[in-house]
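Participant: Contents of model34.cif (mmCIF, C-alpha atoms) are given next:
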```cif
data_entry
#
loop_
_atom_site.label_atom_id
_atom_site.label_comp_id
_atom_site.auth_asym_id
_atom_site.auth_seq_id
_atom_site.Cartn_x
_atom_site.Cartn_y
_atom_site.Cartn_z
CA MET A 1 9.60 17.59 27.67
CA VAL A 2 8.16 16.83 24.24
CA THR A 3 5.46 19.36 23.38
CA ARG A 4 4.91 18.37 19.76
CA THR A 5 4.52 15.05 17.98
CA VAL A 6 5.08 14.54 14.27
CA ASP A 7 4.23 10.93 13.46
CA LEU A 8 5.84 9.88 10.19
CA ARG A 9 5.94 6.13 10.83
CA SER A 10 3.16 5.39 8.35
CA ASP A 11 0.03 6.82 6.75
CA THR A 12 -1.90 4.29 8.85
CA VAL A 13 -1.46 6.39 12.02
CA THR A 14 -4.01 9.08 11.14
CA LYS A 15 -6.91 9.80 13.45
CA PRO A 16 -10.51 10.06 12.17
CA THR A 17 -11.44 13.63 11.26
CA GLU A 18 -14.41 15.39 12.83
CA ALA A 19 -16.36 14.81 9.61
CA MET A 20 -15.57 11.09 9.81
CA ARG A 21 -16.61 10.88 13.46
CA ALA A 22 -19.87 12.67 12.70
CA ALA A 23 -20.58 10.31 9.79
CA MET A 24 -19.83 7.29 11.97
CA ALA A 25 -22.15 8.52 14.72
CA SER A 26 -25.05 9.01 12.34
CA ALA A 27 -24.42 6.07 10.00
CA GLU A 28 -27.41 4.07 8.85
CA VAL A 29 -26.60 0.44 9.62
CA ASP A 30 -27.93 -3.10 9.46
CA ASP A 31 -26.50 -6.63 9.33
CA ASP A 32 -23.83 -6.74 6.63
CA VAL A 33 -23.38 -10.53 6.81
CA LEU A 34 -27.01 -10.67 5.69
CA MET A 35 -26.10 -8.05 3.03
CA HIS A 36 -28.50 -5.48 4.52
CA ASP A 37 -26.14 -2.73 5.69
CA PRO A 38 -26.95 0.29 3.47
CA THR A 39 -23.79 2.26 4.27
CA ALA A 40 -21.53 -0.70 3.48
CA PHE A 41 -23.42 -1.15 0.22
CA ARG A 42 -22.93 2.54 -0.64
CA LEU A 43 -19.20 2.33 -0.04
CA GLU A 44 -18.79 -0.89 -2.01
CA THR A 45 -20.87 0.46 -4.91
CA GLU A 46 -19.02 3.78 -4.96
CA MET A 47 -15.58 2.16 -4.85
CA ALA A 48 -16.49 -0.29 -7.61
CA LYS A 49 -17.70 2.61 -9.75
CA VAL A 50 -14.56 4.66 -9.16
CA MET A 51 -12.38 1.63 -9.92
CA GLY A 52 -14.33 0.69 -13.04
CA LYS A 53 -15.35 -2.76 -11.79
CA GLU A 54 -18.73 -4.47 -11.41
CA ALA A 55 -18.76 -4.90 -7.65
CA GLY A 56 -16.89 -4.34 -4.40
CA LEU A 57 -16.57 -5.87 -0.94
CA PHE A 58 -15.51 -4.23 2.33
CA VAL A 59 -12.92 -6.25 4.28
CA PRO A 60 -11.27 -5.52 7.65
CA SER A 61 -7.73 -5.21 6.28
CA GLY A 62 -5.60 -5.09 3.17
CA THR A 63 -3.97 -8.37 4.14
CA MET A 64 -7.36 -10.09 4.18
CA GLY A 65 -8.30 -8.40 0.92
CA ASN A 66 -5.22 -9.68 -0.85
CA LEU A 67 -5.57 -13.15 0.67
CA ILE A 68 -9.19 -13.43 -0.43
CA SER A 69 -8.35 -12.22 -3.93
CA VAL A 70 -5.53 -14.74 -4.35
CA LEU A 71 -7.70 -17.57 -3.04
CA VAL A 72 -10.58 -16.73 -5.38
CA HIS A 73 -8.27 -16.82 -8.38
CA CYS A 74 -6.39 -19.91 -7.13
CA GLU A 75 -9.24 -22.13 -5.99
CA ILE A 76 -7.24 -25.32 -6.50
CA ARG A 77 -4.63 -25.97 -3.81
CA GLY A 78 -1.14 -26.17 -5.26
CA SER A 79 -1.77 -23.32 -7.68
CA GLU A 80 1.08 -20.88 -8.23
CA VAL A 81 1.14 -17.08 -8.19
CA ILE A 82 3.87 -14.98 -9.80
CA ILE A 83 4.75 -12.19 -7.42
CA GLY A 84 7.48 -9.63 -6.76
CA ASP A 85 10.23 -10.72 -4.39
CA ASN A 86 9.98 -7.39 -2.56
CA SER A 87 6.18 -7.14 -2.54
CA HIS A 88 3.94 -6.62 0.46
CA ILE A 89 1.99 -9.83 -0.15
CA HIS A 90 5.18 -11.88 -0.24
CA ILE A 91 6.98 -10.29 2.72
CA TYR A 92 4.48 -8.76 5.14
CA GLU A 93 1.32 -10.87 5.00
CA ASN A 94 2.40 -13.85 7.10
CA GLY A 95 2.70 -16.18 4.12
CA GLY A 96 -1.08 -16.49 4.29
CA ILE A 97 -1.52 -17.46 0.65
CA SER A 98 0.56 -20.57 1.41
CA THR A 99 -0.39 -21.42 4.99
CA ILE A 100 -4.12 -20.88 4.52
CA GLY A 101 -4.63 -21.22 0.78
CA GLY A 102 -2.03 -23.76 -0.26
CA VAL A 103 -0.89 -21.35 -2.98
CA HIS A 104 2.76 -21.45 -4.01
CA PRO A 105 4.53 -18.11 -4.62
CA ARG A 106 6.97 -17.91 -7.50
CA THR A 107 8.96 -14.72 -7.04
CA VAL A 108 10.35 -12.46 -9.72
CA LYS A 109 12.86 -9.76 -8.85
CA ASN A 110 11.36 -6.33 -8.28
CA ASN A 111 13.28 -3.54 -9.96
CA LYS A 112 13.97 -0.32 -8.07
CA ASP A 113 10.85 1.24 -9.61
CA GLY A 114 8.59 -1.57 -8.38
CA THR A 115 8.20 -3.27 -11.74
CA MET A 116 9.16 -6.80 -12.67
CA ASP A 117 10.70 -7.31 -16.09
CA ILE A 118 8.03 -8.47 -18.53
CA ASP A 119 10.24 -11.17 -20.00
CA LEU A 120 11.01 -12.53 -16.52
CA ILE A 121 7.30 -12.65 -15.68
CA GLU A 122 6.59 -14.61 -18.84
CA ALA A 123 9.55 -16.91 -18.24
CA ALA A 124 8.22 -17.69 -14.75
CA ILE A 125 4.91 -19.03 -16.11
CA ARG A 126 4.94 -22.81 -15.84
CA ASP A 127 4.69 -24.88 -19.00
CA PRO A 128 1.41 -26.85 -18.72
CA LYS A 129 3.24 -29.82 -20.22
CA GLY A 130 5.21 -30.06 -16.99
CA GLU A 131 2.19 -30.24 -14.69
CA ILE A 132 3.23 -33.70 -13.53
CA VAL A 133 6.04 -32.04 -11.56
CA TYR A 134 5.29 -28.28 -11.46
CA PRO A 135 2.60 -26.22 -9.76
CA THR A 136 0.08 -24.68 -12.16
CA THR A 137 0.46 -20.93 -12.69
CA ARG A 138 -2.90 -19.22 -12.29
CA LEU A 139 -2.24 -15.65 -11.19
CA ILE A 140 0.10 -12.65 -11.43
CA CYS A 141 0.16 -10.01 -8.67
CA LEU A 142 1.38 -6.42 -8.96
CA GLU A 143 1.66 -3.71 -6.28
CA ASN A 144 0.85 -0.06 -7.02
CA THR A 145 2.26 2.05 -5.49
CA HIS A 146 5.12 -0.22 -4.50
CA ALA A 147 5.82 0.42 -0.82
CA ASN A 148 9.20 -1.25 -0.37
CA CYS A 149 10.48 0.49 -3.48
CA GLY A 150 9.62 3.87 -1.99
CA GLY A 151 6.05 4.40 -3.15
CA ARG A 152 6.93 4.13 -6.83
CA CYS A 153 4.08 4.17 -9.37
CA LEU A 154 3.39 1.51 -11.97
CA SER A 155 2.32 3.15 -15.22
CA VAL A 156 -0.76 2.36 -17.26
CA GLU A 157 1.45 1.09 -20.07
CA TYR A 158 3.34 -1.30 -17.81
CA THR A 159 0.19 -2.66 -16.17
CA ASP A 160 -1.46 -3.14 -19.55
CA SER A 161 1.59 -5.08 -20.75
CA VAL A 162 1.40 -7.42 -17.77
CA GLY A 163 -2.33 -7.79 -18.37
CA GLU A 164 -1.65 -8.82 -21.96
CA ILE A 165 0.79 -11.49 -20.77
CA ALA A 166 -1.80 -12.79 -18.31
CA LYS A 167 -4.49 -13.04 -20.99
CA LYS A 168 -2.10 -14.65 -23.44
CA HIS A 169 -1.50 -17.49 -20.98
CA GLY A 170 -5.00 -17.71 -19.53
CA LEU A 171 -3.99 -16.24 -16.16
CA LYS A 172 -5.66 -13.73 -13.84
CA LEU A 173 -4.13 -10.43 -12.72
CA HIS A 174 -4.57 -9.00 -9.22
CA ILE A 175 -3.32 -5.57 -8.17
CA ASP A 176 -2.47 -4.84 -4.56
CA GLY A 177 -3.60 -1.23 -4.75
CA ALA A 178 -3.18 -0.31 -1.09
CA ARG A 179 -2.04 3.15 -2.26
CA ILE A 180 -3.49 3.07 -5.78
CA PHE A 181 -5.06 6.52 -5.32
CA ASN A 182 -1.61 7.93 -4.59
CA ALA A 183 -0.45 6.45 -7.90
CA ALA A 184 -3.42 7.89 -9.79
CA VAL A 185 -2.82 11.38 -8.40
CA ALA A 186 0.93 11.24 -9.04
CA LEU A 187 0.50 9.97 -12.60
CA GLY A 188 -2.44 12.24 -13.37
CA VAL A 189 -4.68 9.43 -14.61
CA PRO A 190 -8.05 8.11 -13.40
CA VAL A 191 -7.64 5.31 -10.88
CA ARG A 192 -9.89 3.05 -12.96
CA ARG A 193 -7.38 3.24 -15.80
CA LEU A 194 -4.62 1.89 -13.55
CA VAL A 195 -6.62 -1.29 -12.86
CA GLN A 196 -8.34 -1.67 -16.21
CA ALA A 197 -6.20 -4.68 -17.11
CA ALA A 198 -6.73 -6.34 -13.72
CA ASP A 199 -9.29 -8.96 -12.81
CA SER A 200 -9.29 -7.74 -9.22
CA ALA A 201 -7.75 -5.07 -7.02
CA SER A 202 -7.56 -4.23 -3.34
CA VAL A 203 -7.73 -0.64 -2.09
CA CYS A 204 -6.71 0.33 1.44
CA LEU A 205 -8.96 2.88 3.13
CA SER A 206 -6.69 3.49 6.12
CA LYS A 207 -3.49 4.52 4.35
CA GLY A 208 -3.42 7.54 2.02
CA LEU A 209 -7.19 8.01 2.17
CA GLY A 210 -7.02 8.41 5.94
CA ALA A 211 -10.02 6.35 7.10
CA PRO A 212 -9.61 4.48 10.40
CA VAL A 213 -10.22 0.90 9.27
CA GLY A 214 -10.52 -1.41 6.30
CA SER A 215 -10.03 -2.06 2.61
CA VAL A 216 -12.28 -2.73 -0.36
CA ILE A 217 -11.66 -5.38 -2.99
CA VAL A 218 -13.20 -4.95 -6.43
CA GLY A 219 -13.80 -7.19 -9.42
CA SER A 220 -16.57 -8.91 -11.33
CA LYS A 221 -19.86 -9.81 -9.67
CA GLU A 222 -18.87 -13.49 -9.74
CA PHE A 223 -15.49 -12.68 -8.17
CA ILE A 224 -17.14 -10.70 -5.36
CA LYS A 225 -19.71 -13.45 -4.77
CA LYS A 226 -16.87 -15.91 -4.11
CA ALA A 227 -14.93 -13.29 -2.14
CA ARG A 228 -17.89 -12.68 0.18
CA ARG A 229 -18.02 -16.35 1.10
CA LEU A 230 -14.27 -16.45 1.76
CA ARG A 231 -14.51 -13.31 3.90
CA LYS A 232 -16.98 -15.14 6.14
CA THR A 233 -14.70 -18.21 6.25
CA LEU A 234 -11.78 -16.05 7.39
CA GLY A 235 -13.80 -14.35 10.12
CA GLY A 236 -14.12 -11.04 8.30
CA GLY A 237 -17.89 -10.96 8.08
CA MET A 238 -19.02 -8.19 10.45
CA ARG A 239 -22.49 -7.02 11.35
CA GLN A 240 -23.21 -3.26 11.60
CA VAL A 241 -20.07 -2.45 9.65
CA GLY A 242 -21.61 0.70 8.21
CA VAL A 243 -20.17 2.56 11.21
CA LEU A 244 -16.73 1.99 9.68
CA CYS A 245 -17.80 2.37 6.08
CA ALA A 246 -19.27 5.81 6.82
CA ALA A 247 -15.81 7.13 7.70
CA ALA A 248 -14.40 5.58 4.54
CA LEU A 249 -17.02 7.33 2.41
CA VAL A 250 -15.93 10.66 3.89
CA ALA A 251 -12.29 9.78 3.16
CA LEU A 252 -13.12 8.85 -0.42
CA GLN A 253 -14.95 12.12 -0.97
CA GLU A 254 -12.52 14.46 0.80
CA ASN A 255 -9.01 13.08 0.70
CA VAL A 256 -8.33 11.93 -2.84
CA LEU A 257 -7.14 14.83 -4.97
CA VAL A 258 -6.02 17.90 -3.05
CA MET A 259 -4.82 16.11 0.07
CA LEU A 260 -2.89 13.33 -1.68
CA ASP A 261 -1.19 15.79 -4.00
CA GLY A 262 -0.23 17.85 -0.96
CA ASP A 263 1.20 14.76 0.74
CA HIS A 264 3.39 14.09 -2.28
CA LYS A 265 4.71 17.65 -2.36
CA LYS A 266 5.54 17.55 1.35
CA ALA A 267 7.31 14.20 0.92
CA LYS A 268 9.43 15.67 -1.86
CA LEU A 269 10.26 18.68 0.34
CA LEU A 270 11.38 16.35 3.13
CA ALA A 271 13.47 14.30 0.72
CA GLU A 272 15.22 17.35 -0.68
CA GLY A 273 15.95 18.71 2.80
CA LEU A 274 17.27 15.43 4.18
CA ASN A 275 19.48 14.89 1.15
CA GLN A 276 21.31 18.11 1.97
CA LEU A 277 22.49 16.79 5.35
CA LYS A 278 25.92 15.23 5.59
CA GLY A 279 25.52 11.65 6.72
CA LEU A 280 22.20 11.05 4.95
CA ARG A 281 21.42 10.11 1.37
CA VAL A 282 18.07 10.23 -0.41
CA ASP A 283 17.27 9.36 -4.02
CA VAL A 284 15.12 12.46 -4.46
CA ASP A 285 14.11 11.61 -8.03
CA ALA A 286 12.65 8.31 -6.81
CA VAL A 287 10.22 10.06 -4.44
CA GLU A 288 7.03 9.99 -6.49
CA THR A 289 4.32 9.82 -3.84
CA ASN A 290 4.19 9.98 -0.02
CA ILE A 291 7.01 7.59 0.97
CA VAL A 292 10.62 8.61 1.55
CA TYR A 293 13.49 6.25 2.31
CA PHE A 294 16.80 7.66 3.43
CA GLU A 295 20.12 5.89 3.86
CA ILE A 296 22.51 6.61 6.70
CA THR A 297 25.91 6.80 5.03
CA GLU A 298 29.08 5.11 6.25
CA ASP A 299 30.62 8.42 7.33
CA SER A 300 27.59 9.27 9.51
CA LYS A 301 28.17 9.64 13.23
CA LEU A 302 24.81 8.00 14.01
CA ASP A 303 23.23 4.65 13.28
CA ALA A 304 19.47 4.28 12.84
CA ALA A 305 18.78 3.33 16.47
CA CYS A 306 20.64 6.34 17.84
CA LEU A 307 19.06 8.70 15.30
CA LEU A 308 15.56 7.45 16.09
CA LYS A 309 16.12 7.92 19.81
CA LYS A 310 17.23 11.51 19.29
CA LEU A 311 14.30 12.20 16.97
CA GLU A 312 11.86 10.80 19.54
CA GLU A 313 13.27 13.24 22.08
CA HIS A 314 12.00 15.97 19.72
CA GLY A 315 8.66 14.22 19.18
CA VAL A 316 9.45 13.05 15.63
CA LEU A 317 8.58 9.41 14.93
CA VAL A 318 9.93 7.49 11.91
CA MET A 319 10.21 3.81 10.94
CA PRO A 320 13.58 1.97 10.84
CA GLU A 321 13.99 -0.60 8.07
CA SER A 322 17.53 -1.61 9.01
CA SER A 323 20.54 -0.20 10.85
CA THR A 324 21.18 2.11 7.89
CA ARG A 325 17.77 2.58 6.21
CA VAL A 326 14.81 4.55 7.54
CA ARG A 327 11.31 5.15 6.16
CA ILE A 328 9.20 8.29 6.39
CA VAL A 329 5.57 8.37 5.25
CA VAL A 330 3.61 11.61 4.86
CA HIS A 331 -0.15 11.72 5.35
CA HIS A 332 -2.92 14.30 5.35
CA GLN A 333 -2.43 15.13 9.03
CA ILE A 334 1.16 16.25 8.46
CA SER A 335 1.28 20.00 7.85
CA ALA A 336 3.88 22.11 6.07
CA SER A 337 4.88 23.34 9.52
CA ASP A 338 5.45 19.71 10.60
CA VAL A 339 7.74 19.19 7.62
CA HIS A 340 9.84 22.26 8.45
CA TYR A 341 9.94 21.28 12.13
CA THR A 342 11.10 17.76 11.23
CA LEU A 343 13.88 19.07 9.01
CA SER A 344 14.99 21.48 11.73
CA CYS A 345 15.17 18.55 14.19
CA PHE A 346 17.37 16.57 11.81
CA GLN A 347 19.58 19.62 11.33
CA LYS A 348 19.93 20.19 15.09
CA ILE A 349 20.73 16.53 15.74
CA TYR A 350 23.45 16.36 13.09
CA ALA A 351 24.85 19.75 14.06
CA GLY A 352 25.05 18.56 17.66
CA VAL A 353 26.78 15.34 16.69
CA CYS A 354 29.37 17.27 14.68
CA GLU A 355 30.05 19.53 17.68
CA GLU A 356 30.42 16.53 19.99
CA LYS A 357 32.90 14.96 17.61
CA GLY A 358 34.78 18.21 17.20
CA ASN A 359 34.04 18.49 13.47
#
```
Could you spell out this file's structure in structure tokens?
Facilitator:
Amino acid sequence: MVTRTVDLRSDTVTKPTEAMRAAMASAEVDDDVLMHDPTAFRLETEMAKVMGKEAGLFVPSGTMGNLISVLVHCEIRGSEVIIGDNSHIHIYENGGISTIGGVHPRTVKNNKDGTMDIDLIEAAIRDPKGEIVYPTTRLICLENTHANCGGRCLSVEYTDSVGEIAKKHGLKLHIDGARIFNAAVALGVPVRRLVQAADSASVCLSKGLGAPVGSVIVGSKEFIKKARRLRKTLGGGMRQVGVLCAAALVALQENVLVMLDGDHKKAKLLAEGLNQLKGLRVDVDAVETNIVYFEITEDSKLDAACLLKKLEEHGVLVMPESSTRVRIVVHHQISASDVHYTLSCFQKIYAGVCEEKGN
């Protein structure tokens, strides 16, 4: 019988802390669609300040936040956005920018570190002279940290370079900053500096920060004015939303520095331990934040499905990406003891497999 659960599927699985629950219970609320909810206003104002932007807007999810941001920047249907081929917006957001917004994605290859080559970004920008046949490029999107690339961080220098390209061609720059605070902590720079070159950014509250629900998008006052209207159009306008925003304020105040840094250290410890097991391979140097990908090697006695089943028997939950690739995400409710327990489970499983095979 499983007596312990270590949930490493994602940093979205965290439960509200006691401080969050208390803040939610006592939150001062009003109708946010009418722009009267004081707790929502506090969260939006605080996040905008931290991010160095004029205004913010609470939205139910990161997917909606990114969709709204793209649609504000690409108001004319048939506009084109330059985006990474391995990005969250392109792969995991239901193609919403196209199906709902009529925005055409032009993908550029993501490198292993989450970047796109600057020259390839510039080459992907449509020549206005060809508008009779081509979509019109209006936006570039970046993702920081880059989830599919293992939580890699985009540097200030890189982001500034992309921002310069955008300005040079009269384009806007949006940053999907679902885990932007992880990047800021890992790089040792203020989060506002990481989005300084951007016209807008989305920040997830329910990933590394550990709040139960929502995201905030930030940008200019005019951007947020348009975003608020689109949020209502998409069904994201909620009433006494301060109940949710109260938990996010606690997360923003408590979970940013010490907890995120601790998550990164525990992820690195997991990566180093897993990489020592025969049958698994981890690029330890690529683990910069709270995400670890490991590969099941060809000489392994287990595929991902079999490994996951055995881990579940020990109460350890992870996320399969393919038959040979598995993701682990550390969050603030994973302790050092959980990390050591998880590694011991992997060790027992592989030791048992070797005994069964007579090796």
Participant: Write out as a PyMOL selection string the residues lying within 12 Å of A:Glu312, counting all atoms listed in the file and excluding same-chain residues fewer than 2 positions away.
Facilitator: chain A and resi 1-9+305-310+314-319+342+345-346+349
Participant: What are the centre and the three edge lengths of an axis-aligned box that wraps all atoms of stretch 287-293 of chain A in the file, given that 4 Å is added to every side, written as lines of an AutoDock Vina configuration file and rounded to one decimal in Å?
Facilitator:
```
center_x = 8.8
center_y = 8.2
center_z = -2.1
size_x = 17.3
size_y = 11.8
size_z = 16.8
```
Participant: Tell me which residues the PyMOL selection byres ((chain A and resi 150) around 9) grabs here, as a PyMOL selection string.
Facilitator: chain A and resi 112-114+145-149+151-152+286-293+327
Participant: Between atom CA of A:Leu71 and atom CA of A:Ser200, what is the distance, to one decimal in Å?
Facilitator: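 Atom CA of A:Ser200 lies 11.7 Å from atom CA of A:Leu71.
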Participant: Mind checking which residues fall within 6 Å of A:Ala55, counting only C-alpha atoms, ignoring those fewer than 3 positions away in the same chain, and posting them as a tab-separated table (two decimals) with C-alpha atoms, keeping the file's coordinate frame?
Facilitator:
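Result written to result-v3.tsv:
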```tsv
chain	number	residue	atom	x	y	z
A	48	ALA	CA	-16.49	-0.29	-7.61
A	218	VAL	CA	-13.20	-4.95	-6.43
A	219	GLY	CA	-13.80	-7.19	-9.42
A	220	SER	CA	-16.57	-8.91	-11.33
A	221	LYS	CA	-19.86	-9.81	-9.67
```
Participant: Could you check the closest approach to A:Gly214 for each of A:Gly101, A:Gly236, A:Asp299, A:Asp117 and tell me which residue wins, using all atoms listed in the file?
Facilitator: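 The answer is A:Gly236, which sits nearest to A:Gly214.
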Participant: Please compute the atom CA of A:Gln240-atom CA of A:Ala40 distance, one decimal, in Å.
Facilitator: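 Here the two named atoms are 8.7 Å from each other.
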Participant: Evaluated on this file, the PyMOL selection byres ((chain A and resi 138) around 9) picks out some residues - which ones are they, written as a list in words?
Facilitator: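 Residues picked by the PyMOL selection byres ((chain A and resi 138) around 9): His73, Cys74, Ser79, Glu80, Val81, Ile82, Ile125, Thr136, Thr137, Leu139, Ile140, Ala166, His169, Gly170, Leu171, Lys172 and Leu173 of chain A.
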Participant: For A:Ala25, please output as a list in words all residues within 10 Å (counting only C-alpha atoms; exclusion window: fewer than 5 positions along the same chain).
Facilitator: Ala19, Met20, Val243, Leu244, Ala246 and Ala247 of chain A
Participant: Taking (7.9, -17.6, -14.7) in the file's coordinates, which residues come within 9 Å, counting all atoms listed in the file, written as a PyMOL selection string?
Facilitator: chain A and resi 82+106-108+119-126+137
Participant: Take the residues from that selection and put them in a file with C-alpha atoms, as a short mmCIF file (atom, residue, chain, number, x, y, z; two decimals), keeping the file's coordinate frame.
Facilitator:
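Final file, selection_0.cif:
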```cif
data_model
loop_
_atom_site.label_atom_id
_atom_site.label_comp_id
_atom_site.auth_asym_id
_atom_site.auth_seq_id
_atom_site.Cartn_x
_atom_site.Cartn_y
_atom_site.Cartn_z
CA ILE A 82 3.87 -14.98 -9.80
CA ARG A 106 6.97 -17.91 -7.50
CA THR A 107 8.96 -14.72 -7.04
CA VAL A 108 10.35 -12.46 -9.72
CA ASP A 119 10.24 -11.17 -20.00
CA LEU A 120 11.01 -12.53 -16.52
CA ILE A 121 7.30 -12.65 -15.68
CA GLU A 122 6.59 -14.61 -18.84
CA ALA A 123 9.55 -16.91 -18.24
CA ALA A 124 8.22 -17.69 -14.75
CA ILE A 125 4.91 -19.03 -16.11
CA ARG A 126 4.94 -22.81 -15.84
CA THR A 137 0.46 -20.93 -12.69
#
```
Participant: Under the PyMOL selection byres ((chain A and resi 269) around 12), which residues of this model are included? Write them out as number ranges by chain.
Facilitator: A: 262-268, 270-276, 282, 284-285, 287-292, 330, 335-340, 342-343
Participant: Distance atom CA of A:Leu252-atom CA of A:Met51, one decimal place?
Facilitator: 12.0 Å
Participant: Just want the 12 Å neighbourhood of A:Arg231, counted on all atoms listed in the file, with same-chain residues fewer than 5 positions away dropped. Output as a list in words.
Facilitator: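 Result of the neighbour search: Asp32, Val33, Leu57, Phe58, Val59, Pro60, Ser61, Thr63, Met64, Gly65, Asn66, Leu67, Ile68, Ser69, Leu71, Val72, Val216, Ile217, Ile224, Lys225, Lys226, Gly236, Gly237 and Met238 of chain A.
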Participant: Give me a file of those residues, with C-alpha atoms, as a short mmCIF file (atom, residue, chain, number, x, y, z; two decimals), in the coordinates of the input.
Facilitator:
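Saved to part_6.cif:
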```
data_model
loop_
_atom_site.label_atom_id
_atom_site.label_comp_id
_atom_site.auth_asym_id
_atom_site.auth_seq_id
_atom_site.Cartn_x
_atom_site.Cartn_y
_atom_site.Cartn_z
CA ASP A 32 -23.83 -6.74 6.63
CA VAL A 33 -23.38 -10.53 6.81
CA LEU A 57 -16.57 -5.87 -0.94
CA PHE A 58 -15.51 -4.23 2.33
CA VAL A 59 -12.92 -6.25 4.28
CA PRO A 60 -11.27 -5.52 7.65
CA SER A 61 -7.73 -5.21 6.28
CA THR A 63 -3.97 -8.37 4.14
CA MET A 64 -7.36 -10.09 4.18
CA GLY A 65 -8.30 -8.40 0.92
CA ASN A 66 -5.22 -9.68 -0.85
CA LEU A 67 -5.57 -13.15 0.67
CA ILE A 68 -9.19 -13.43 -0.43
CA SER A 69 -8.35 -12.22 -3.93
CA LEU A 71 -7.70 -17.57 -3.04
CA VAL A 72 -10.58 -16.73 -5.38
CA VAL A 216 -12.28 -2.73 -0.36
CA ILE A 217 -11.66 -5.38 -2.99
CA ILE A 224 -17.14 -10.70 -5.36
CA LYS A 225 -19.71 -13.45 -4.77
CA LYS A 226 -16.87 -15.91 -4.11
CA GLY A 236 -14.12 -11.04 8.30
CA GLY A 237 -17.89 -10.96 8.08
CA MET A 238 -19.02 -8.19 10.45
#
```
Participant: Show which residues sit within 6 Å of stretch 76-78 of chain A, as a list in words. Count only C-alpha atoms, and ignore same-chain residues fewer than 2 positions away.
Facilitator: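 Listed by chain and then number, they are Cys74, Gly102, Val103 and Pro135 of chain A.
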Participant: From the options A:Ala183, A:Asp199, A:Ser10, A:Lys278, which residue's atoms come nearest to A:Glu222, counting all atoms listed in the file?
Facilitator: A:Asp199
Participant: Find the residue from A:Ser215, A:Asp283, A:Asp176, A:His332 that sits nearest to A:Gly56; use all atoms listed in the file when measuring.
Facilitator: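 Closest candidate: A:Ser215.
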